[in-house]
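Coordinates from input-v3.cif are shown below (mmCIF, C-alpha atoms, pLDDT in the B column; chains and numbers go by the auth columns).
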data_query
loop_
_atom_site.group_PDB
_atom_site.id
_atom_site.type_symbol
_atom_site.label_atom_id
_atom_site.label_comp_id
_atom_site.label_asym_id
_atom_site.label_seq_id
_atom_site.Cartn_x
_atom_site.Cartn_y
_atom_site.Cartn_z
_atom_site.B_iso_or_equiv
_atom_site.auth_seq_id
_atom_site.auth_asym_id
ATOM 1 C CA MET A 1 -26.858 -12.882 14.394 49.00 2 A
ATOM 2 C CA ASN A 2 -27.156 -14.504 10.984 55.00 3 A
ATOM 3 C CA GLU A 3 -28.358 -18.126 11.022 56.00 4 A
ATOM 4 C CA PHE A 4 -25.625 -19.136 8.585 57.00 5 A
ATOM 5 C CA LEU A 5 -22.797 -17.800 10.745 57.00 6 A
ATOM 6 C CA THR A 6 -24.007 -19.250 14.033 56.00 7 A
ATOM 7 C CA LEU A 7 -23.624 -22.881 14.987 57.00 8 A
ATOM 8 C CA PRO A 8 -24.783 -24.280 18.327 60.00 9 A
ATOM 9 C CA GLY A 9 -22.420 -22.764 20.899 59.00 10 A
ATOM 10 C CA TYR A 10 -20.069 -21.333 18.259 58.00 11 A
ATOM 11 C CA SER A 11 -20.019 -18.269 16.045 65.00 12 A
ATOM 12 C CA LEU A 12 -17.825 -18.134 12.935 63.00 13 A
ATOM 13 C CA ILE A 13 -17.379 -14.374 13.257 68.00 14 A
ATOM 14 C CA ASP A 14 -15.811 -14.850 16.706 73.00 15 A
ATOM 15 C CA ALA A 15 -13.256 -17.344 15.366 75.00 16 A
ATOM 16 C CA TRP A 16 -9.624 -16.170 15.374 81.00 17 A
ATOM 17 C CA TRP A 17 -9.252 -16.911 11.671 85.00 18 A
ATOM 18 C CA TRP A 18 -12.381 -15.050 10.511 81.00 19 A
ATOM 19 C CA PRO A 19 -10.681 -11.654 9.825 82.00 20 A
ATOM 20 C CA TYR A 20 -8.027 -13.385 7.716 87.00 21 A
ATOM 21 C CA ALA A 21 -10.622 -15.349 5.778 87.00 22 A
ATOM 22 C CA PHE A 22 -12.645 -12.169 5.251 85.00 23 A
ATOM 23 C CA VAL A 23 -9.624 -10.285 3.873 86.00 24 A
ATOM 24 C CA LEU A 24 -8.843 -13.196 1.570 86.00 25 A
ATOM 25 C CA ILE A 25 -12.404 -13.561 0.307 89.00 26 A
ATOM 26 C CA ALA A 26 -13.379 -9.877 0.098 89.00 27 A
ATOM 27 C CA GLY A 27 -10.028 -8.406 -0.903 87.00 28 A
ATOM 28 C CA TYR A 28 -7.804 -10.861 -2.685 86.00 29 A
ATOM 29 C CA VAL A 29 -10.203 -12.967 -4.741 85.00 30 A
ATOM 30 C CA PRO A 30 -12.056 -10.121 -6.549 86.00 31 A
ATOM 31 C CA THR A 31 -8.770 -8.358 -7.296 88.00 32 A
ATOM 32 C CA GLU A 32 -7.127 -11.516 -8.589 90.00 33 A
ATOM 33 C CA ILE A 33 -9.987 -12.174 -11.014 90.00 34 A
ATOM 34 C CA TRP A 34 -9.511 -8.753 -12.623 88.00 35 A
ATOM 35 C CA ARG A 35 -5.760 -9.250 -12.832 88.00 36 A
ATOM 36 C CA HIS A 36 -6.265 -12.401 -14.869 89.00 37 A
ATOM 37 C CA VAL A 37 -8.837 -10.693 -17.103 89.00 38 A
ATOM 38 C CA GLY A 38 -6.356 -7.844 -17.625 83.00 39 A
ATOM 39 C CA VAL A 39 -3.570 -10.233 -18.611 85.00 40 A
ATOM 40 C CA VAL A 40 -5.815 -11.951 -21.154 87.00 41 A
ATOM 41 C CA LEU A 41 -7.129 -8.695 -22.646 82.00 42 A
ATOM 42 C CA ALA A 42 -3.775 -6.878 -22.666 77.00 43 A
ATOM 43 C CA GLY A 43 -1.831 -9.705 -24.267 78.00 44 A
ATOM 44 C CA ASP A 44 -1.902 -8.098 -27.724 79.00 45 A
ATOM 45 C CA LEU A 45 -1.333 -4.494 -26.605 78.00 46 A
ATOM 46 C CA SER A 46 1.995 -2.823 -27.158 83.00 47 A
ATOM 47 C CA GLU A 47 3.761 -1.403 -24.095 83.00 48 A
ATOM 48 C CA GLU A 48 3.855 1.953 -25.862 89.00 49 A
ATOM 49 C CA SER A 49 0.161 1.997 -26.787 86.00 50 A
ATOM 50 C CA PRO A 50 -1.731 5.130 -25.745 89.00 51 A
ATOM 51 C CA VAL A 51 -4.051 3.097 -23.516 84.00 52 A
ATOM 52 C CA LEU A 52 -1.234 1.556 -21.487 84.00 53 A
ATOM 53 C CA LEU A 53 0.612 4.877 -21.267 91.00 54 A
ATOM 54 C CA TRP A 54 -2.558 6.454 -19.864 93.00 55 A
ATOM 55 C CA VAL A 55 -3.068 3.584 -17.381 88.00 56 A
ATOM 56 C CA ARG A 56 0.553 3.879 -16.225 90.00 57 A
ATOM 57 C CA ALA A 57 0.171 7.662 -15.794 95.00 58 A
ATOM 58 C CA VAL A 58 -3.025 7.280 -13.748 96.00 59 A
ATOM 59 C CA ALA A 59 -1.476 4.573 -11.550 94.00 60 A
ATOM 60 C CA THR A 60 1.595 6.736 -10.918 94.00 61 A
ATOM 61 C CA ALA A 61 -0.591 9.744 -10.082 97.00 62 A
ATOM 62 C CA LEU A 62 -2.625 7.681 -7.600 97.00 63 A
ATOM 63 C CA VAL A 63 0.506 6.448 -5.823 94.00 64 A
ATOM 64 C CA ALA A 64 1.879 10.004 -5.693 95.00 65 A
ATOM 65 C CA ALA A 65 -1.418 11.273 -4.274 97.00 66 A
ATOM 66 C CA VAL A 66 -1.452 8.631 -1.535 96.00 67 A
ATOM 67 C CA ILE A 67 2.148 9.426 -0.573 94.00 68 A
ATOM 68 C CA ALA A 68 1.421 13.161 -0.518 96.00 69 A
ATOM 69 C CA LYS A 69 -1.661 12.590 1.651 96.00 70 A
ATOM 70 C CA LEU A 70 0.354 10.478 4.095 94.00 71 A
ATOM 71 C CA ILE A 71 3.037 13.160 4.325 95.00 72 A
ATOM 72 C CA LEU A 72 0.819 16.257 4.473 95.00 73 A
ATOM 73 C CA PHE A 73 -2.297 14.952 6.255 96.00 74 A
ATOM 74 C CA PRO A 74 -1.236 11.925 8.303 95.00 75 A
ATOM 75 C CA THR A 75 -3.464 10.002 10.681 93.00 76 A
ATOM 76 C CA GLY A 76 -2.770 7.717 13.614 91.00 77 A
ATOM 77 C CA ALA A 77 0.795 7.317 14.869 87.00 78 A
ATOM 78 C CA LEU A 78 2.197 9.051 11.784 91.00 79 A
ATOM 79 C CA ALA A 79 0.423 12.256 12.849 92.00 80 A
ATOM 80 C CA GLU A 80 2.621 12.361 15.964 89.00 81 A
ATOM 81 C CA THR A 81 5.746 12.934 13.841 92.00 82 A
ATOM 82 C CA GLU A 82 6.945 16.319 12.643 93.00 83 A
ATOM 83 C CA PRO A 83 6.181 17.283 9.024 95.00 84 A
ATOM 84 C CA ALA A 84 9.892 17.927 8.421 95.00 85 A
ATOM 85 C CA LEU A 85 10.677 14.354 9.479 96.00 86 A
ATOM 86 C CA ARG A 86 8.073 12.913 7.101 96.00 87 A
ATOM 87 C CA ILE A 87 9.336 15.053 4.224 97.00 88 A
ATOM 88 C CA ALA A 88 12.982 14.191 4.974 97.00 89 A
ATOM 89 C CA ALA A 89 12.200 10.471 5.152 97.00 90 A
ATOM 90 C CA ALA A 90 10.425 10.609 1.771 97.00 91 A
ATOM 91 C CA ALA A 91 13.233 12.626 0.161 97.00 92 A
ATOM 92 C CA ILE A 92 16.033 10.431 1.536 98.00 93 A
ATOM 93 C CA GLY A 93 14.072 7.297 0.611 97.00 94 A
ATOM 94 C CA PHE A 94 13.684 8.615 -2.937 97.00 95 A
ATOM 95 C CA GLY A 95 17.418 9.330 -3.023 98.00 96 A
ATOM 96 C CA ALA A 96 18.155 5.758 -1.937 98.00 97 A
ATOM 97 C CA PHE A 97 15.744 4.517 -4.604 97.00 98 A
ATOM 98 C CA LYS A 98 17.657 6.383 -7.320 97.00 99 A
ATOM 99 C CA VAL A 99 21.148 5.557 -5.971 98.00 100 A
ATOM 100 C CA THR A 100 20.337 1.836 -5.953 97.00 101 A
ATOM 101 C CA ARG A 101 19.167 1.937 -9.588 96.00 102 A
ATOM 102 C CA ASP A 102 15.448 2.149 -8.847 95.00 103 A
ATOM 103 C CA SER A 103 15.273 -0.483 -6.102 96.00 104 A
ATOM 104 C CA VAL A 104 11.883 -0.020 -4.469 95.00 105 A
ATOM 105 C CA LEU A 105 12.911 -2.193 -1.526 96.00 106 A
ATOM 106 C CA ALA A 106 15.966 -0.031 -0.792 97.00 107 A
ATOM 107 C CA GLY A 107 13.924 3.175 -1.020 97.00 108 A
ATOM 108 C CA VAL A 108 11.206 1.905 1.291 96.00 109 A
ATOM 109 C CA LEU A 109 13.636 0.453 3.845 97.00 110 A
ATOM 110 C CA VAL A 110 15.736 3.629 4.007 98.00 111 A
ATOM 111 C CA ALA A 111 12.662 5.867 4.314 97.00 112 A
ATOM 112 C CA GLU A 112 11.245 3.624 7.054 96.00 113 A
ATOM 113 C CA ALA A 113 14.562 3.631 8.923 97.00 114 A
ATOM 114 C CA ILE A 114 14.710 7.439 8.789 97.00 115 A
ATOM 115 C CA LEU A 115 11.087 7.774 9.874 95.00 116 A
ATOM 116 C CA ILE A 116 11.318 5.281 12.738 94.00 117 A
ATOM 117 C CA GLY A 117 14.703 6.578 13.879 96.00 118 A
ATOM 118 C CA GLY A 118 13.487 10.176 13.832 95.00 119 A
ATOM 119 C CA TRP A 119 10.303 9.210 15.633 92.00 120 A
ATOM 120 C CA LEU A 120 12.306 7.458 18.372 92.00 121 A
ATOM 121 C CA ILE A 121 14.679 10.423 18.741 92.00 122 A
ATOM 122 C CA GLN A 122 11.747 12.860 18.725 87.00 123 A
ATOM 123 C CA GLY A 123 9.952 10.861 21.416 80.00 124 A
ATOM 124 C CA ALA A 124 13.052 10.685 23.640 57.00 125 A
#
Once more with this new file: its structure as structure tokens, please.
Amino acid sequence: MNEFLTLPGYSLIDAWWWPYAFVLIAGYVPTEIWRHVGVVLAGDLSEESPVLLWVRAVATALVAAVIAKLILFPTGALAETEPALRIAAAAIGFGAFKVTRDSVLAGVLVAEAILIGGWLIQGA
């Protein structure tokens, strides 16, 4: 064990709070730094500039790819559900998103309700 992480009779890695501290330090802090740099550098850019349009297109494509991967090649508990259920949940969630004037919260909640409800019915 690392000398820094071990105190007499106590190890920091075994502490209940260590995973939360690790996520905060390794995940949040580096991301937050780049967000602030982005705000400073993008302050003078127009929303319709080619650079920002490209960034928006890439971000949208990445989100779409992650959703498609979760639907078509799920892992864990999601893999126990039928593909038709996953597709229906995504489609109905998208419908709720559009009906509620692009409310992401409504779309996610409806899709989750369909997925969980279908999973419970399927398991029964």
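Atom CA of A:Glu113 sits 11.5 Å away from atom CA of A:Ala97.
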- Task: Might you spell out which residues the PyMOL selection byres ((chain A and resi 111) around 8) would select in the displayed file, as number ranges by chain?
- Result: A: 90, 93-94, 97, 107-110, 112-115
- For A:Trp120, the nearest of the candidates A:Pro31, A:Gly96, A:Gly39, A:Pro84, counting all atoms listed in the file: A:Pro84
Around all listed atoms of stretch 23-27 of chain A, padded 6 Å per side, what centre and edge lengths does the axis-aligned box have in Å to one decimal, as JSON?
{"center_x": -11.1, "center_y": -11.7, "center_z": 2.7, "size_x": 16.5, "size_y": 15.7, "size_z": 17.2}
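In this comparison, which uses all atoms listed in the file, the residue of A:Tyr21, A:Ile117, A:Lys99, A:Val38 approaching A:Leu86 most closely is A:Ile117.
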Can you give me, as an mmCIF file with C-alpha atoms, in the coordinates of the input, the residues this file yields under the PyMOL selection byres ((chain A and resi 87) around 9)?
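And here is the file that came out, expr.cif:
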data_model
loop_
_atom_site.group_PDB
_atom_site.id
_atom_site.type_symbol
_atom_site.label_atom_id
_atom_site.label_comp_id
_atom_site.auth_asym_id
_atom_site.auth_seq_id
_atom_site.Cartn_x
_atom_site.Cartn_y
_atom_site.Cartn_z
ATOM 1 C CA LEU A 71 0.354 10.478 4.095
ATOM 2 C CA ILE A 72 3.037 13.160 4.325
ATOM 3 C CA LEU A 73 0.819 16.257 4.473
ATOM 4 C CA LEU A 79 2.197 9.051 11.784
ATOM 5 C CA THR A 82 5.746 12.934 13.841
ATOM 6 C CA GLU A 83 6.945 16.319 12.643
ATOM 7 C CA PRO A 84 6.181 17.283 9.024
ATOM 8 C CA ALA A 85 9.892 17.927 8.421
ATOM 9 C CA LEU A 86 10.677 14.354 9.479
ATOM 10 C CA ILE A 88 9.336 15.053 4.224
ATOM 11 C CA ALA A 89 12.982 14.191 4.974
ATOM 12 C CA ALA A 90 12.200 10.471 5.152
ATOM 13 C CA ALA A 91 10.425 10.609 1.771
ATOM 14 C CA ALA A 92 13.233 12.626 0.161
ATOM 15 C CA ALA A 112 12.662 5.867 4.314
ATOM 16 C CA ILE A 115 14.710 7.439 8.789
ATOM 17 C CA LEU A 116 11.087 7.774 9.874
#
